[in-house]
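> Contents of input-v4.cif (mmCIF, C-alpha atoms and all ligand atoms):
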```cif
data_start
#
loop_
_atom_site.label_atom_id
_atom_site.label_comp_id
_atom_site.auth_asym_id
_atom_site.auth_seq_id
_atom_site.Cartn_x
_atom_site.Cartn_y
_atom_site.Cartn_z
CA MET A 1 26.59 15.39 4.38
CA LYS A 2 25.02 18.66 3.28
CA LEU A 3 21.29 19.28 3.26
CA LEU A 4 20.07 21.82 0.69
CA GLN A 5 17.07 23.41 2.30
CA ALA A 6 15.08 26.59 2.69
CA GLY A 7 12.77 28.19 5.22
CA PRO A 8 9.68 26.38 6.39
CA SER A 9 9.45 23.65 3.73
CA PRO A 10 7.44 20.73 5.18
CA PHE A 11 9.45 18.30 3.03
CA VAL A 12 12.67 19.60 4.54
CA ARG A 13 11.09 19.32 7.97
CA LYS A 14 10.45 15.60 7.34
CA VAL A 15 14.17 15.17 6.81
CA LEU A 16 15.08 17.28 9.85
CA VAL A 17 12.69 15.34 12.11
CA THR A 18 14.15 12.09 10.77
CA LEU A 19 17.67 13.34 11.50
CA HIS A 20 16.65 14.16 15.07
CA GLU A 21 14.76 10.92 15.63
CA THR A 22 17.67 8.82 14.35
CA GLY A 23 20.41 10.78 16.15
CA GLN A 24 22.14 12.06 13.00
CA TYR A 25 21.36 15.77 13.10
CA ASP A 26 24.93 16.79 13.96
CA GLU A 27 26.31 14.91 10.94
CA VAL A 28 24.63 17.22 8.44
CA GLU A 29 25.60 20.73 7.41
CA MET A 30 22.63 22.95 6.50
CA VAL A 31 22.94 24.86 3.21
CA GLU A 32 20.31 27.51 2.49
CA VAL A 33 19.19 27.72 -1.17
CA ALA A 34 16.33 29.49 -2.93
CA ALA A 35 13.58 27.09 -4.04
CA SER A 36 11.47 28.84 -6.65
CA PRO A 37 9.67 27.21 -9.60
CA MET A 38 10.26 30.36 -11.69
CA VAL A 39 13.87 31.25 -10.90
CA PRO A 40 15.61 28.13 -9.65
CA ASP A 41 18.83 28.49 -7.66
CA PRO A 42 21.82 27.25 -9.75
CA ALA A 43 23.27 25.54 -6.67
CA LEU A 44 20.02 23.63 -6.21
CA ILE A 45 19.73 22.61 -9.87
CA ALA A 46 23.29 21.34 -9.78
CA ALA A 47 22.23 18.98 -6.99
CA ASN A 48 18.70 18.19 -8.17
CA PRO A 49 17.73 18.74 -11.84
CA VAL A 50 14.09 19.05 -10.80
CA GLY A 51 15.11 22.06 -8.71
CA LYS A 52 13.32 21.08 -5.50
CA ILE A 53 14.37 20.91 -1.88
CA PRO A 54 15.34 18.89 0.05
CA ALA A 55 18.49 17.47 -1.55
CA LEU A 56 21.17 15.60 0.39
CA VAL A 57 24.74 15.90 -0.88
CA ARG A 58 26.85 12.96 0.25
CA ALA A 59 30.62 12.58 0.33
CA ASP A 60 30.44 8.85 -0.37
CA GLY A 61 27.80 8.66 -3.09
CA PRO A 62 25.57 10.55 -5.48
CA THR A 63 23.31 13.32 -4.22
CA LEU A 64 19.89 12.14 -3.07
CA TYR A 65 16.72 14.10 -3.63
CA ASP A 66 13.05 13.87 -2.76
CA SER A 67 12.21 13.65 0.95
CA ARG A 68 11.01 10.06 0.61
CA VAL A 69 14.34 8.92 -0.77
CA ILE A 70 16.37 10.96 1.72
CA CYS A 71 14.38 9.84 4.76
CA ARG A 72 14.60 6.20 3.75
CA TYR A 73 18.34 6.52 3.20
CA LEU A 74 18.87 8.22 6.57
CA ASP A 75 16.79 5.61 8.34
CA ALA A 76 18.73 2.76 6.70
CA ARG A 77 22.03 4.48 7.54
CA ALA A 78 21.15 4.71 11.25
CA GLU A 79 19.06 1.49 11.40
CA GLY A 80 16.34 3.69 12.85
CA GLY A 81 13.43 1.29 12.29
CA LEU A 82 11.19 3.96 10.77
CA TYR A 83 10.16 1.63 7.91
CA PRO A 84 9.09 -1.55 9.75
CA GLU A 85 8.89 -4.54 7.38
CA SER A 86 5.78 -5.90 9.16
CA ARG A 87 3.69 -2.90 8.12
CA ILE A 88 5.75 -1.42 5.30
CA TRP A 89 2.88 -0.83 2.83
CA ASP A 90 0.77 0.94 5.44
CA THR A 91 3.75 3.05 6.47
CA LEU A 92 4.53 4.07 2.88
CA THR A 93 0.87 4.80 2.09
CA LEU A 94 0.57 6.94 5.20
CA GLU A 95 3.76 8.76 4.23
CA ALA A 96 2.30 9.34 0.76
CA THR A 97 -0.86 10.73 2.37
CA GLY A 98 1.17 13.22 4.40
CA ASP A 99 3.22 14.14 1.33
CA GLY A 100 0.04 14.54 -0.74
CA ILE A 101 -1.31 17.03 1.80
CA MET A 102 2.00 18.93 1.65
CA ASP A 103 2.05 18.97 -2.17
CA ALA A 104 -1.44 20.47 -2.39
CA ALA A 105 -0.87 22.91 0.48
CA VAL A 106 2.40 24.15 -1.05
CA LEU A 107 0.81 24.52 -4.50
CA ILE A 108 -1.90 26.78 -3.04
CA ILE A 109 0.83 29.05 -1.66
CA TYR A 110 2.67 28.99 -5.02
CA GLU A 111 -0.52 29.89 -6.91
CA GLU A 112 -0.84 33.00 -4.78
CA ARG A 113 2.87 33.84 -4.64
CA PHE A 114 4.11 33.22 -8.17
CA ARG A 115 1.15 34.00 -10.45
CA PRO A 116 0.08 37.51 -11.41
CA ARG A 117 -3.00 38.37 -9.34
CA GLU A 118 -5.33 38.36 -12.37
CA GLN A 119 -4.28 34.81 -13.26
CA VAL A 120 -4.82 33.28 -9.81
CA SER A 121 -7.55 30.65 -10.07
CA MET A 122 -9.76 30.25 -7.01
CA GLU A 123 -11.25 27.12 -8.59
CA TRP A 124 -7.79 25.58 -8.81
CA ILE A 125 -6.97 26.63 -5.23
CA GLU A 126 -10.18 25.05 -3.96
CA GLY A 127 -9.39 21.92 -5.97
CA GLN A 128 -6.08 21.68 -4.14
CA TRP A 129 -7.76 22.26 -0.80
CA GLY A 130 -10.23 19.49 -1.68
CA LYS A 131 -7.27 17.10 -1.83
CA VAL A 132 -6.07 18.26 1.59
CA SER A 133 -9.54 17.98 3.07
CA ARG A 134 -10.21 14.47 1.76
CA ALA A 135 -6.82 13.27 2.95
CA LEU A 136 -7.47 14.71 6.43
CA ASP A 137 -10.84 12.93 6.53
CA ALA A 138 -9.15 9.67 5.56
CA LEU A 139 -6.64 10.13 8.41
CA GLU A 140 -9.47 10.79 10.87
CA THR A 141 -11.57 7.81 9.81
CA ARG A 142 -9.07 5.18 8.72
CA TRP A 143 -5.60 5.83 10.10
CA MET A 144 -5.96 6.63 13.79
CA SER A 145 -5.08 3.12 15.01
CA HIS A 146 -1.87 3.20 12.95
CA LEU A 147 -1.04 6.69 14.24
CA ALA A 148 -1.56 5.44 17.82
CA GLY A 149 1.15 2.80 17.26
CA ARG A 150 4.95 2.85 17.28
CA LEU A 151 6.71 5.73 15.49
CA ASP A 152 7.34 5.25 11.79
CA MET A 153 7.80 7.49 8.74
CA GLY A 154 4.04 7.71 8.25
CA HIS A 155 3.70 9.49 11.60
CA ILE A 156 6.49 11.93 10.73
CA ALA A 157 5.04 12.80 7.31
CA VAL A 158 1.54 13.36 8.67
CA ALA A 159 2.83 15.50 11.55
CA CYS A 160 4.92 17.67 9.21
CA ALA A 161 1.92 18.09 6.91
CA LEU A 162 -0.31 19.18 9.81
CA GLY A 163 2.38 21.54 11.09
CA TYR A 164 2.50 23.14 7.64
CA LEU A 165 -1.28 23.57 7.60
CA ASP A 166 -1.04 25.36 10.95
CA PHE A 167 1.77 27.51 9.60
CA ARG A 168 0.37 28.50 6.19
CA HIS A 169 -3.35 27.62 6.20
CA ASP A 170 -4.42 28.32 9.75
CA ALA A 171 -7.58 30.11 8.55
CA ARG A 172 -8.86 26.81 7.06
CA LYS A 173 -9.15 25.36 10.59
CA TRP A 174 -8.28 21.76 9.72
CA ARG A 175 -9.04 20.54 13.27
CA VAL A 176 -12.78 21.24 12.96
CA GLY A 177 -14.61 17.92 12.53
CA ARG A 178 -11.42 15.90 13.07
CA PRO A 179 -11.08 15.58 16.86
CA ALA A 180 -9.08 12.34 16.89
CA LEU A 181 -6.46 13.64 14.46
CA ALA A 182 -6.25 16.96 16.32
CA ALA A 183 -5.71 15.18 19.67
CA TRP A 184 -3.05 12.92 18.15
CA TYR A 185 -1.20 15.88 16.62
CA ASP A 186 -1.34 17.93 19.81
CA GLY A 187 0.51 15.07 21.55
CA PHE A 188 2.94 14.35 18.71
CA VAL A 189 4.00 17.97 18.28
CA LYS A 190 5.53 17.88 21.77
CA ARG A 191 8.24 15.43 20.69
CA ASP A 192 11.73 16.94 20.88
CA SER A 193 12.20 16.45 17.10
CA MET A 194 9.06 18.44 16.36
CA VAL A 195 9.84 21.20 18.84
CA ALA A 196 13.38 21.54 17.43
CA THR A 197 12.06 21.92 13.87
CA ASP A 198 9.01 24.14 14.54
CA PRO A 199 8.84 26.63 11.60
CA THR A 200 7.32 29.32 13.83
CA SER A 201 10.21 29.46 16.31
N1 LIG B 1 8.31 15.28 -3.65
C1 LIG B 1 9.27 16.27 -3.19
C2 LIG B 1 8.57 17.63 -3.08
C3 LIG B 1 9.55 18.74 -2.67
C4 LIG B 1 8.98 20.13 -2.90
O1 LIG B 1 7.91 20.30 -3.50
N2 LIG B 1 9.73 21.14 -2.43
C5 LIG B 1 9.34 22.52 -2.68
C6 LIG B 1 9.55 23.38 -1.42
S1 LIG B 1 8.40 22.97 -0.16
C7 LIG B 1 10.25 23.08 -3.76
O2 LIG B 1 11.43 22.84 -3.75
N3 LIG B 1 9.67 23.83 -4.71
C8 LIG B 1 10.39 24.47 -5.78
C9 LIG B 1 9.79 24.14 -7.10
O3 LIG B 1 8.66 23.60 -7.16
O4 LIG B 1 10.43 24.43 -8.10
C10 LIG B 1 9.85 15.80 -1.85
O5 LIG B 1 9.22 14.98 -1.17
O6 LIG B 1 10.97 16.22 -1.51
#
```
Show me, as structure tokens, the structure contained in the file I just sent.

Amino acid sequence: MKLLQAGPSPFVRKVLVTLHETGQYDEVEMVEVAASPMVPDPALIAANPVGKIPALVRADGPTLYDSRVICRYLDARAEGGLYPESRIWDTLTLEATGDGIMDAAVLIIYEERFRPREQVSMEWIEGQWGKVSRALDALETRWMSHLAGRLDMGHIAVACALGYLDFRHDARKWRVGRPALAAWYDGFVKRDSMVATDPTS
């Protein structure tokens, strides 16, 4: 299998953490591509018409794209138990919450990176941060008992989202007012899979 990926993408990190947690990391070759909404990499578009990473090229089937699809496939392949049937809807909703934080956090970076300075909208950026902030509050108030439980894909998505906030939006200080989530993350980030995929190292 080949994983089309680039730099510190939190969506790619979800896949990498899943590969580590399910013991499949050595079965995947990493292929660096350029993920840009303005000038998409031809190699990436050939694999994923939407032009986004991650994409997983398989020898025995069509290419998979979108981290949710890839992670679920990898988990099924290794029987990793990251999508437990007994709490599947909670797990998927928590994964969507982590992904939603990533989407908004990445779009803030894109607004600043890809738009001419005079077109950058602070209102739009703050709207995106509002999504991040509300999702973090929901994690703090409603999801801590789930996060304290056995590892599933919800944990991985939330941890990758928080790691991305540390990496790109440190100045926003997401930990302030969210002590339970901060304590959970400070423990989770010590897992081997998180250490091995740390975007700052
Ligand atoms: N829902 C997708 C989101 C992936 C995504 O947004 N990837 C970004 C990099 S972090 C990307 O490829 N952006 C290029 C673009 O928007 O054209 C997933 O879960 O894989």
> For Val39 (chain A), which residue among A:Cys160, A:Thr18, A:Gly187, A:Phe114 is the nearest when counting only C-alpha atoms?
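Closest to Val39 (chain A) of all the choices is A:Phe114.
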> Could you give me, as a ChimeraX atom specification, every polymer residue with an atom at most 9 Å away from an atom of ligand LIG 1 (chain B), counting all atoms listed in the file?
/A:5-12,14-15,34-40,44,50-55,65-70,99-100,102-103,106-107,110
> CA of Trp124 (chain A) and CA of Arg172 (chain A), how far apart in Å?
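Between CA of Arg172 (chain A) and CA of Trp124 (chain A) the gap is 16.0 Å.
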> Separation of CA of Gly80 (chain A) and CA of Met1 (chain A), in Å?
17.7 Å
> Identify, on the basis of all atoms listed in the file, every residue whose closest approach to region 135-151 of chain A does not exceed 7 Å; exclude the query and any residue fewer than 2 positions from it along the same chain; express the result as JSON, numbers by chain.
{"A": [82, 97, 101, 131, 132, 133, 155, 178, 180, 181]}
> Do you know which residues are at most 12 Å from His20 (chain A) counting all atoms listed in the file, after dropping those on the same chain fewer than 2 positions away, and could you put them as a ChimeraX atom specification?
/A:13-18,22-28,71,74-75,78,80,156,191-197
> What does the structure give for the distance between CA of Ala161 (chain A) and CA of Leu19 (chain A), in Å to one decimal?
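Here the two named atoms are 17.1 Å from each other.
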> Using only C-alpha atoms, which of the listed residues (A:Glu32, A:Phe188, A:Tyr73, A:Arg168) sits closest to Glu112 (chain A)?
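For Glu112 (chain A), the nearest of the given residues is A:Arg168.
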> Once you add 4 Å to each side, what are the centre and edge lengths of the axis-aligned box holding all listed atoms of region 159-166 of chain A? One decimal in Å, as AutoDock Vina command-line options, if you can.

```
--center_x 1.8 --center_y 20.4 --center_z 9.2 --size_x 14.2 --size_y 17.9 --size_z 12.6
```
> Pick out the residues sitting within 12 Å of Ala59 (chain A), and hand them over as a count of residues only; count all atoms listed in the file, and ignore anything fewer than 3 positions along from it in its own chain.
10
> Looking at only C-alpha atoms, which of A:Glu123, A:Glu111, A:Glu21, A:Asp41 is the one that sits closest to Glu79 (chain A)?
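Of the candidates, the smallest distance to Glu79 (chain A) is held by A:Glu21.
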> Skipping near chain neighbours, those fewer than 5 positions away, what residues fall within 9 Å of Leu92 (chain A) using all atoms listed in the file, listed as a PyMOL selection string?
chain A and resi 83+87+97+153-154
> Find the residue from A:Ala76, A:Leu4, A:Val31, A:Ala105 that sits nearest to Asp170 (chain A); use all atoms listed in the file when measuring.
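Among A:Ala76, A:Leu4, A:Val31, A:Ala105, it is A:Ala105 that comes nearest to Asp170 (chain A).
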> Which of these residues is nearest to Ala47 (chain A), using only C-alpha atoms: A:Thr91, A:Lys173, A:Val33, A:Gly81?
A:Val33
> For the structure just given, write the atoms of region 26-41 of chain A, namely N, CA, C and O atoms, as a compact mmCIF listing (two decimals), in the first residue's frame.

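Saved result, out-v2.txt, follows:
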```
# COMPACT_ATOMS: atom_id res chain seq x y z
N ASP A 26 4.61 -0.74 8.87
CA ASP A 26 5.66 -1.18 7.95
C ASP A 26 5.11 -1.70 6.62
O ASP A 26 5.87 -1.98 5.69
N GLU A 27 3.79 -1.82 6.51
CA GLU A 27 3.21 -2.33 5.26
C GLU A 27 2.87 -1.21 4.27
O GLU A 27 2.37 -1.47 3.18
N VAL A 28 3.14 0.03 4.68
CA VAL A 28 2.75 1.17 3.84
C VAL A 28 3.97 2.00 3.45
O VAL A 28 4.79 2.36 4.28
N GLU A 29 4.04 2.28 2.14
CA GLU A 29 5.10 3.17 1.65
C GLU A 29 4.56 4.60 1.66
O GLU A 29 3.45 4.85 1.20
N MET A 30 5.36 5.54 2.18
CA MET A 30 4.93 6.93 2.23
C MET A 30 5.30 7.65 0.94
O MET A 30 6.45 7.58 0.50
N VAL A 31 4.33 8.33 0.33
CA VAL A 31 4.58 9.08 -0.90
C VAL A 31 4.21 10.55 -0.64
O VAL A 31 3.04 10.86 -0.37
N GLU A 32 5.21 11.42 -0.73
CA GLU A 32 4.98 12.84 -0.47
C GLU A 32 4.35 13.50 -1.70
O GLU A 32 4.86 13.34 -2.82
N VAL A 33 3.23 14.20 -1.52
CA VAL A 33 2.61 14.97 -2.61
C VAL A 33 2.34 16.38 -2.10
O VAL A 33 2.39 16.63 -0.90
N ALA A 34 2.03 17.28 -3.03
CA ALA A 34 1.69 18.65 -2.63
C ALA A 34 0.18 18.78 -2.58
O ALA A 34 -0.50 18.55 -3.58
N ALA A 35 -0.35 19.12 -1.39
CA ALA A 35 -1.80 19.30 -1.24
C ALA A 35 -2.10 20.79 -1.18
O ALA A 35 -1.88 21.42 -0.16
N SER A 36 -2.57 21.31 -2.30
CA SER A 36 -2.90 22.74 -2.34
C SER A 36 -4.24 22.91 -3.04
O SER A 36 -4.45 22.36 -4.12
N PRO A 37 -5.18 23.67 -2.45
CA PRO A 37 -6.47 23.87 -3.11
C PRO A 37 -6.35 24.64 -4.42
O PRO A 37 -7.21 24.52 -5.29
N MET A 38 -5.28 25.41 -4.59
CA MET A 38 -5.14 26.25 -5.79
C MET A 38 -4.40 25.52 -6.92
O MET A 38 -4.79 25.60 -8.07
N VAL A 39 -3.33 24.83 -6.57
CA VAL A 39 -2.54 24.14 -7.59
C VAL A 39 -2.38 22.67 -7.17
O VAL A 39 -1.36 22.27 -6.61
N PRO A 40 -3.39 21.87 -7.45
CA PRO A 40 -3.34 20.49 -6.97
C PRO A 40 -2.28 19.65 -7.70
O PRO A 40 -2.05 19.84 -8.90
N ASP A 41 -1.64 18.79 -6.97
CA ASP A 41 -0.61 17.90 -7.50
C ASP A 41 -1.28 16.86 -8.42
O ASP A 41 -2.22 16.18 -8.02
```
